[in-house]
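Peer 1: Okay, so here is upload_3.tsv, and as you'll see once you scroll down, it has TSV, C-alpha atoms.
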chain	number	residue	atom	x	y	z
H	1	MET	CA	139.79	86.26	57.67
H	2	THR	CA	143.35	85.86	56.29
H	3	ASP	CA	145.29	88.87	55.04
H	4	ARG	CA	144.98	87.55	51.49
H	5	ARG	CA	141.22	87.11	51.70
H	6	PHE	CA	140.86	90.54	53.35
H	7	ALA	CA	142.83	92.13	50.50
H	8	GLU	CA	140.71	90.33	47.90
H	9	SER	CA	137.51	91.46	49.62
H	10	ARG	CA	138.74	95.04	49.76
H	11	ARG	CA	139.62	95.01	46.03
H	12	TRP	CA	136.16	93.64	45.25
H	13	LEU	CA	134.42	96.30	47.33
H	14	THR	CA	136.58	98.99	45.75
H	15	SER	CA	135.55	97.81	42.29
H	16	LEU	CA	131.92	98.35	43.35
H	17	GLY	CA	132.69	101.90	44.44
H	18	PHE	CA	131.97	101.83	48.16
H	19	ALA	CA	134.94	100.32	49.92
H	20	ALA	CA	136.42	103.71	50.71
H	21	GLY	CA	133.34	104.73	52.61
H	22	LEU	CA	133.25	101.49	54.55
H	23	MET	CA	136.92	101.71	55.45
H	24	ALA	CA	136.56	105.33	56.56
H	25	ALA	CA	133.60	104.45	58.72
H	26	ALA	CA	135.23	101.57	60.55
H	27	PRO	CA	137.66	103.43	62.83
H	28	ALA	CA	135.19	106.17	63.73
H	29	LEU	CA	132.29	103.89	64.57
H	30	SER	CA	134.35	101.51	66.66
H	31	GLN	CA	135.34	104.11	69.26
H	32	PRO	CA	133.62	106.70	71.45
H	33	LEU	CA	132.67	110.12	70.18
H	34	ASN	CA	134.81	112.62	72.09
H	35	TYR	CA	132.95	115.91	72.59
H	36	VAL	CA	135.34	118.67	73.70
H	37	ILE	CA	133.88	121.72	75.48
H	38	PRO	CA	136.12	124.85	75.49
H	39	PHE	CA	134.53	126.30	78.65
H	40	PRO	CA	134.12	125.28	82.29
H	41	ALA	CA	131.39	122.93	83.45
H	42	GLY	CA	128.06	124.57	84.19
H	43	GLY	CA	127.91	127.04	81.30
H	44	GLU	CA	125.63	126.94	78.26
H	45	SER	CA	128.04	124.89	76.15
H	46	ASP	CA	128.29	122.27	78.88
H	47	VAL	CA	124.54	122.22	79.59
H	48	THR	CA	123.85	121.75	75.89
H	49	ALA	CA	126.36	118.92	75.54
H	50	ARG	CA	124.91	117.14	78.56
H	51	LEU	CA	121.40	117.36	77.10
H	52	GLN	CA	122.67	116.17	73.72
H	53	GLU	CA	124.74	113.32	75.15
H	54	PRO	CA	122.03	110.65	75.68
H	55	VAL	CA	120.39	111.41	72.34
H	56	LEU	CA	123.74	111.34	70.54
H	57	ARG	CA	124.45	107.98	72.11
H	58	ALA	CA	121.08	106.63	71.00
H	59	VAL	CA	121.23	107.83	67.39
H	60	SER	CA	124.90	106.95	66.86
H	61	GLY	CA	125.17	103.68	68.77
H	62	ARG	CA	128.43	104.97	70.26
H	63	ASP	CA	129.57	106.05	73.67
H	64	VAL	CA	129.85	109.83	74.03
H	65	VAL	CA	132.60	111.27	76.23
H	66	VAL	CA	132.26	114.95	77.19
H	67	GLN	CA	135.65	116.53	77.95
H	68	TYR	CA	136.78	120.04	78.92
H	69	LYS	CA	139.70	122.09	77.63
H	70	VAL	CA	139.38	125.48	79.31
H	71	GLY	CA	141.29	128.71	78.80
H	72	ALA	CA	141.45	132.12	77.08
H	73	GLY	CA	137.70	132.34	76.45
H	74	GLY	CA	137.75	129.17	74.34
H	75	ALA	CA	140.90	130.01	72.37
H	76	THR	CA	143.02	127.37	74.13
H	77	ALA	CA	140.76	124.60	72.88
H	78	TRP	CA	140.20	126.00	69.39
H	79	ALA	CA	143.95	126.40	68.89
H	80	SER	CA	144.34	122.69	69.62
H	81	LEU	CA	141.51	121.36	67.44
H	82	ASN	CA	143.61	120.45	64.41
H	83	LYS	CA	146.00	118.42	66.57
H	84	LEU	CA	143.19	116.05	67.59
H	85	PRO	CA	142.22	112.81	65.81
H	86	ALA	CA	140.61	113.53	62.42
H	87	ASP	CA	138.81	110.22	61.94
H	88	GLY	CA	135.30	111.28	62.92
H	89	SER	CA	135.84	110.44	66.59
H	90	THR	CA	136.20	114.06	67.77
H	91	VAL	CA	133.98	117.15	67.75
H	92	MET	CA	134.55	120.43	69.57
H	93	GLY	CA	132.00	122.98	70.68
H	94	THR	CA	132.26	126.42	69.08
H	95	ASN	CA	130.81	129.83	69.93
H	96	LEU	CA	130.02	132.69	67.59
H	97	PRO	CA	131.09	135.50	67.64
H	98	HIS	CA	134.01	134.30	69.82
H	99	VAL	CA	135.67	132.39	66.95
H	100	PHE	CA	135.47	135.47	64.71
H	101	LEU	CA	136.37	138.24	67.15
H	102	GLN	CA	139.36	136.58	68.83
H	103	PRO	CA	141.49	136.18	65.65
H	104	MET	CA	140.42	139.65	64.47
H	105	GLN	CA	141.93	141.17	67.59
H	106	LYS	CA	145.27	139.36	67.82
H	107	ASP	CA	147.13	136.09	67.32
H	108	VAL	CA	145.30	133.58	69.52
H	109	GLY	CA	146.81	130.41	68.05
H	110	TYR	CA	144.10	129.74	65.48
H	111	LYS	CA	142.28	131.38	62.59
H	112	THR	CA	138.53	131.20	62.08
H	113	GLU	CA	138.98	129.26	58.86
H	114	ASP	CA	140.98	126.62	60.76
H	115	LEU	CA	137.73	125.47	62.37
H	116	VAL	CA	135.64	123.20	60.17
H	117	HIS	CA	132.08	123.58	61.39
H	118	VAL	CA	129.73	120.70	60.72
H	119	TYR	CA	126.63	122.02	62.52
H	120	VAL	CA	125.22	125.11	64.26
H	121	PHE	CA	122.42	124.06	66.58
H	122	GLN	CA	121.40	126.91	68.87
H	123	LEU	CA	121.23	130.57	69.80
H	124	THR	CA	121.40	131.79	73.38
H	125	PRO	CA	120.04	135.36	73.63
H	126	ASP	CA	121.85	137.99	75.68
H	127	ALA	CA	120.50	139.39	78.94
H	128	ILE	CA	121.79	141.79	81.58
H	129	VAL	CA	121.41	140.12	84.96
H	130	VAL	CA	121.96	141.34	88.53
H	131	PRO	CA	121.62	139.66	91.94
H	132	ALA	CA	118.06	139.56	93.26
H	133	ASP	CA	118.94	142.03	96.03
H	134	SER	CA	120.73	144.47	93.73
H	135	PRO	CA	119.83	148.16	94.07
H	136	PHE	CA	119.30	148.15	90.29
H	137	LYS	CA	115.64	147.33	89.90
H	138	THR	CA	115.50	148.34	86.23
H	139	LEU	CA	117.90	148.78	83.35
H	140	GLN	CA	117.44	152.53	83.67
H	141	ASP	CA	118.72	152.34	87.27
H	142	LEU	CA	121.95	150.77	86.00
H	143	ILE	CA	122.26	153.29	83.17
H	144	ASP	CA	121.74	156.23	85.57
H	145	ALA	CA	124.44	154.88	87.91
H	146	ALA	CA	126.85	154.43	85.01
H	147	LYS	CA	126.25	157.99	83.82
H	148	LYS	CA	126.82	159.33	87.31
H	149	SER	CA	130.14	157.46	87.72
H	150	PRO	CA	131.62	156.49	84.34
H	151	GLY	CA	133.54	153.22	84.53
H	152	ALA	CA	132.48	152.46	88.10
H	153	ILE	CA	129.80	149.91	87.16
H	154	THR	CA	131.40	146.54	86.45
H	155	MET	CA	129.90	143.85	84.22
H	156	SER	CA	131.17	140.28	83.97
H	157	GLY	CA	131.14	138.19	80.83
H	158	SER	CA	132.56	134.99	79.38
H	159	GLY	CA	135.92	135.88	77.88
H	160	THR	CA	137.66	138.70	76.07
H	161	ASN	CA	136.72	139.35	72.43
H	162	SER	CA	133.66	137.18	72.94
H	163	GLY	CA	129.92	137.59	72.43
H	164	PRO	CA	129.33	139.13	75.89
H	165	HIS	CA	132.31	141.45	75.38
H	166	LEU	CA	130.93	142.73	72.06
H	167	SER	CA	127.43	143.00	73.55
H	168	THR	CA	128.70	145.00	76.54
H	169	THR	CA	130.61	147.35	74.27
H	170	THR	CA	127.57	147.73	72.02
H	171	PHE	CA	125.30	148.37	75.02
H	172	ASN	CA	127.68	151.04	76.33
H	173	LYS	CA	127.64	152.85	73.00
H	174	LEU	CA	123.88	152.65	72.46
H	175	ALA	CA	123.11	153.74	76.04
H	176	GLY	CA	125.74	156.49	76.00
H	177	ILE	CA	127.52	155.14	79.08
H	178	LYS	CA	130.81	153.60	80.16
H	179	THR	CA	130.87	150.38	82.18
H	180	THR	CA	133.92	148.23	82.91
H	181	TYR	CA	133.88	144.75	81.37
H	182	ILE	CA	135.46	141.99	83.49
H	183	PRO	CA	136.16	138.78	81.52
H	184	PHE	CA	135.87	135.32	83.09
H	185	SER	CA	136.59	131.84	81.75
H	186	GLY	CA	132.97	131.07	80.91
H	187	THR	CA	129.33	131.71	81.72
H	188	ALA	CA	129.40	129.72	84.94
H	189	THR	CA	132.31	131.71	86.40
H	190	SER	CA	130.90	134.99	85.09
H	191	VAL	CA	127.55	134.40	86.79
H	192	ALA	CA	129.25	133.18	89.98
H	193	ALA	CA	131.18	136.45	90.13
H	194	MET	CA	127.95	138.40	89.79
H	195	LEU	CA	126.21	136.37	92.49
H	196	GLY	CA	129.25	136.82	94.74
H	197	LYS	CA	129.05	140.62	94.30
H	198	GLN	CA	132.50	140.73	92.66
H	199	VAL	CA	130.82	142.71	89.87
H	200	ASN	CA	127.64	144.78	89.70
H	201	ALA	CA	126.01	142.90	86.81
H	202	ALA	CA	126.61	140.21	84.22
H	203	MET	CA	126.24	140.44	80.47
H	204	THR	CA	125.15	136.85	80.14
H	205	PHE	CA	122.32	134.85	78.62
H	206	THR	CA	118.63	134.22	79.20
H	207	THR	CA	119.52	130.58	79.84
H	208	ALA	CA	121.83	131.46	82.73
H	209	ALA	CA	119.16	133.67	84.29
H	210	ILE	CA	116.54	130.94	84.04
H	211	GLN	CA	118.96	128.44	85.58
H	212	GLN	CA	119.57	130.72	88.59
H	213	GLY	CA	115.87	131.27	89.24
H	214	ASP	CA	115.00	133.69	92.04
H	215	LYS	CA	118.67	134.34	92.86
H	216	VAL	CA	118.85	136.87	90.04
H	217	ARG	CA	116.90	139.61	88.31
H	218	MET	CA	116.94	140.08	84.55
H	219	LEU	CA	116.92	143.76	83.60
H	220	ALA	CA	116.51	143.30	79.83
H	221	VAL	CA	116.70	140.63	77.13
H	222	ALA	CA	118.14	141.03	73.62
H	223	LEU	CA	115.17	139.47	71.86
H	224	GLU	CA	112.55	140.74	69.47
H	225	LYS	CA	109.78	139.70	71.87
H	226	ARG	CA	109.72	139.09	75.62
H	227	LEU	CA	110.55	135.67	76.98
H	228	PRO	CA	107.36	133.63	77.48
H	229	SER	CA	108.81	132.34	80.77
H	230	HIS	CA	109.56	135.90	81.98
H	231	PRO	CA	106.87	138.16	80.53
H	232	ASP	CA	107.69	140.97	82.97
H	233	VAL	CA	111.26	141.39	81.66
H	234	PRO	CA	111.42	144.03	78.89
H	235	THR	CA	113.45	143.76	75.72
H	236	PHE	CA	116.26	146.23	75.07
H	237	ARG	CA	114.29	147.58	72.13
H	238	GLU	CA	111.31	148.36	74.33
H	239	LEU	CA	113.65	150.46	76.45
H	240	GLY	CA	114.92	152.42	73.46
H	241	ILE	CA	118.15	150.46	72.92
H	242	ASP	CA	118.19	148.79	69.50
H	243	MET	CA	120.00	145.62	70.50
H	244	MET	CA	119.25	142.04	69.51
H	245	SER	CA	122.17	139.76	70.19
H	246	GLY	CA	123.37	136.47	71.58
H	247	VAL	CA	125.79	133.61	71.02
H	248	PHE	CA	125.44	130.88	68.42
H	249	ARG	CA	126.76	127.44	69.30
H	250	GLY	CA	127.73	124.51	67.16
H	251	VAL	CA	130.45	121.93	66.64
H	252	ALA	CA	133.61	121.79	64.53
H	253	VAL	CA	136.00	119.00	63.59
H	254	PRO	CA	139.72	118.85	62.73
H	255	LYS	CA	140.50	120.02	59.20
H	256	ALA	CA	141.76	116.61	58.09
H	257	THR	CA	138.42	114.94	58.89
H	258	PRO	CA	137.15	113.23	55.69
H	259	GLU	CA	134.03	114.59	54.01
H	260	VAL	CA	132.14	111.38	54.71
H	261	GLU	CA	132.75	111.79	58.44
H	262	ARG	CA	131.89	115.49	58.41
H	263	LYS	CA	128.55	114.68	56.83
H	264	ARG	CA	127.96	111.72	59.15
H	265	LEU	CA	128.51	113.91	62.23
H	266	SER	CA	126.30	116.65	60.84
H	267	ASP	CA	123.53	114.10	60.32
H	268	LEU	CA	123.91	112.93	63.92
H	269	PHE	CA	123.38	116.43	65.32
H	270	ASP	CA	120.46	116.89	62.94
H	271	LYS	CA	118.85	113.80	64.47
H	272	VAL	CA	119.51	115.12	67.97
H	273	ASN	CA	117.79	118.40	67.12
H	274	ALA	CA	114.81	116.48	65.78
H	275	ASP	CA	114.27	114.62	69.07
H	276	PRO	CA	111.06	115.98	70.72
H	277	GLY	CA	112.26	115.38	74.29
H	278	TYR	CA	115.52	117.19	73.64
H	279	ARG	CA	113.76	120.12	71.96
H	280	LYS	CA	111.45	120.55	74.94
H	281	LYS	CA	114.30	120.51	77.44
H	282	MET	CA	116.21	123.09	75.42
H	283	ALA	CA	113.20	125.37	75.10
H	284	ASP	CA	112.44	125.08	78.82
H	285	ALA	CA	116.04	126.11	79.56
H	286	GLY	CA	115.77	129.22	77.38
H	287	PHE	CA	117.70	128.08	74.30
H	288	VAL	CA	116.58	128.83	70.74
H	289	ILE	CA	117.17	125.73	68.58
H	290	LEU	CA	118.64	126.20	65.08
H	291	ASP	CA	119.05	123.61	62.33
H	292	ILE	CA	122.08	124.58	60.23
H	293	PRO	CA	123.75	121.43	58.82
H	294	TYR	CA	127.12	120.98	57.14
H	295	GLU	CA	125.92	121.83	53.64
H	296	LYS	CA	124.48	125.17	54.81
H	297	VAL	CA	126.88	126.16	57.56
H	298	GLY	CA	129.43	127.76	55.21
H	299	ALA	CA	127.01	130.39	53.93
H	300	PHE	CA	125.77	131.02	57.47
H	301	LEU	CA	129.31	131.61	58.74
H	302	ASP	CA	130.18	133.91	55.84
H	303	ALA	CA	127.18	136.11	56.63
H	304	LYS	CA	127.99	136.16	60.35
H	305	ARG	CA	131.63	137.05	59.71
H	306	LYS	CA	130.58	140.21	57.86
H	307	GLU	CA	128.02	141.09	60.54
H	308	TYR	CA	130.42	140.66	63.45
H	309	GLU	CA	133.28	142.48	61.76
H	310	ALA	CA	131.03	145.45	61.00
H	311	ALA	CA	129.71	145.51	64.58
H	312	ALA	CA	133.19	145.25	66.09
H	313	ARG	CA	134.45	148.11	63.91
H	314	GLU	CA	131.40	150.21	64.78
H	315	VAL	CA	132.08	150.01	68.53
H	316	GLY	CA	135.86	150.28	68.19
H	317	MET	CA	136.84	146.74	69.16
H	318	ILE	CA	138.85	146.42	65.93
H	319	LYS	CA	140.18	149.00	63.48
Just give me the structure of the file as C-alpha cells.
Peer 2:
Amino acid sequence: MTDRRFAESRRWLTSLGFAAGLMAAAPALSQPLNYVIPFPAGGESDVTARLQEPVLRAVSGRDVVVQYKVGAGGATAWASLNKLPADGSTVMGTNLPHVFLQPMQKDVGYKTEDLVHVYVFQLTPDAIVVPADSPFKTLQDLIDAAKKSPGAITMSGSGTNSGPHLSTTTFNKLAGIKTTYIPFSGTATSVAAMLGKQVNAAMTFTTAAIQQGDKVRMLAVALEKRLPSHPDVPTFRELGIDMMSGVFRGVAVPKATPEVERKRLSDLFDKVNADPGYRKKMADAGFVILDIPYEKVGAFLDAKRKEYEAAAREVGMIK
C-alpha cells in the first residue's frame, strides 16, 4: 500500500470511529509480551508466571518472554517500570503488601501510585516452615524457645518491608515474643537459607512448603481453615494467634500504557484464570486464585492500602 493510500485508509477508519483502537493494537500485537518478574527464579512469582506462560501464549497468539529484574525485595524492578515500553508489550509482576509497605518506610525509587495494576490473580497464604529435622516439632516449641532467648530465633523472609516481614512482626507481637527477621531476595533464597540451617525457620508461604515436600515441616498456616493437602497442620487461629495473612500477586503496566491496552491485558489474564488446567495446577501447588480485573482493581487496592497501613502502624513498622 502506498503512503497516500495508507493515509486515505486511516482517515476513513478514523471517520468511522475505530482507527485509533486499531492503530494502538498494531504495535503491541506484533511483538512478544514481556513478563518481568521482580524476584529470583523459583519463587511464587516465577512459578505462577511459568504456569501462566503457555496459556497466555494460547489466548493472546503472542510469544511470552519471562524476564527477571531482581533486587531490594522487588523495589529495583518496580522503580524501573515506568521506563519500560508503554505500548501493551510489557507487564510486571507485583506483590502486595510489598508495593505498599516499601514506599511507606522510605524512598525506594517508586511510589505505590506509580504502578498501574491491570489484574490481581492470586493469594499465597503465609506459613511458618522449618526443616524436617528441626527440633521445633510444633509452633509452641518455637514460641517457647523465643521466649527463653529473645532475639535468638531467626526467621527468613522475602525482602524488607514485605509481606513476610509484616507477618513476622505481627506474629511476634501476637505471640508475645521477639524473633530476628532475616530478609532475602525472594522466596526461593529465603527457603534455601532455612533448608541450609542459616536460619531457624522461614516465614514463607504454603506454596513453598508444598513444593519442598518432606524436606520441611509446616508449623502453622495463616488460613481460616486447614489446608486440604496438609490436614495435620493447624491454623494460627487454632493455636490462639489471630493471624490470617499472605501475599497477593498481580501485574502492572507502565503509566503511559493506553487504556485500550490496559483493558486488553486485563482480559488476557482473565482468560488465563478461566482455564481449567491452569486452575487445577495452581490449586495443587497451594495457590488461591483470585479474579480481580482492571475495572475492579482500583477499589481492591484502596481497601488493601488502608488495611496494610493500619497493620504496619499497629506493629510499629511505620509511625
Peer 1: Would you kindly return, as a ChimeraX atom specification, each protein, DNA or RNA residue with an atom no farther than 12 Å from any atom of range 49-61 of chain H, considering only C-alpha atoms and excluding same-chain residues fewer than 3 positions away?
Peer 2: /H:28-39,41-46,64-68,88-89,91-94,121-122,249-251,264-285,287
Peer 1: Taking into account all atoms listed in the file, which residue in the set H:Arg217, H:Lys319, H:Lys296, H:Arg305 is nearest to Thr138 in chain H?
Peer 2: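 For Thr138 in chain H, the nearest of the given residues is H:Arg217.
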Peer 1: Just the residues within 8 Å of range 162-177 of chain H, please, counting all atoms listed in the file, with nothing from its chain fewer than 3 positions along; format it as a list in words.
Peer 2: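 With the cut-off at 8 Å, the set is Gly73, Leu96, Pro97, His98, Val99, Leu101, Gln102, Asp126, Ile143, Ala146, Lys147, Pro150, Met155, Gly157, Ser158, Gly159, Tyr181, Pro183, Met203, Thr204, Ile241, Asp242, Met243, Ser245, Gly246, Val247, Ala312, Val315 and Met317 of chain H.
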Peer 1: Ranking H:Pro135, H:Gly286, H:Pro125, H:Pro228 by minimum distance to Ile210 in chain H and counting all atoms listed in the file, which one comes first?
Peer 2: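 When distances to Ile210 in chain H are compared using all atoms listed in the file, the smallest one comes from H:Gly286.
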Peer 1: I'd like the contact shell of Ala127 in chain H - 9 Å cut-off, all atoms listed in the file, skipping same-chain residues fewer than 4 positions apart - returned as a VMD selection string.
Peer 2: chain H and resid 202 to 209 218 to 223 235 to 236 245 to 246
Peer 1: Would you compute the distance between CA of Glu113 in chain H and CA of Arg313 in chain H? Give it in Å to one decimal.
Peer 2: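 So the answer is 20.0 Å.
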Peer 1: What separation in Å, quoted to one decimal, exists between CA of Ser229 in chain H and CA of Ile128 in chain H?
Peer 2: 16.1 Å
Peer 1: What does the distance between CA of Thr257 in chain H and CA of Val116 in chain H come to in Å, to one decimal place?
Peer 2: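 Computing it gives 8.8 Å between the two atoms.
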Peer 1: Select, from H:Phe100, H:Ser156, H:Leu139, H:Asn161, the residue with the minimum atom-to-atom distance to Gly316 in chain H, counting all atoms listed in the file.
Peer 2: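 Among the listed residues, the smallest separation from Gly316 in chain H belongs to H:Asn161.
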Peer 1: Which one of H:Val199, H:Val191, H:Ala79, H:Ala152 sits closest to Ser134 in chain H if you count all atoms listed in the file?
Peer 2: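 Once distances to Ser134 in chain H are computed over all atoms listed in the file, the minimum belongs to H:Val199.
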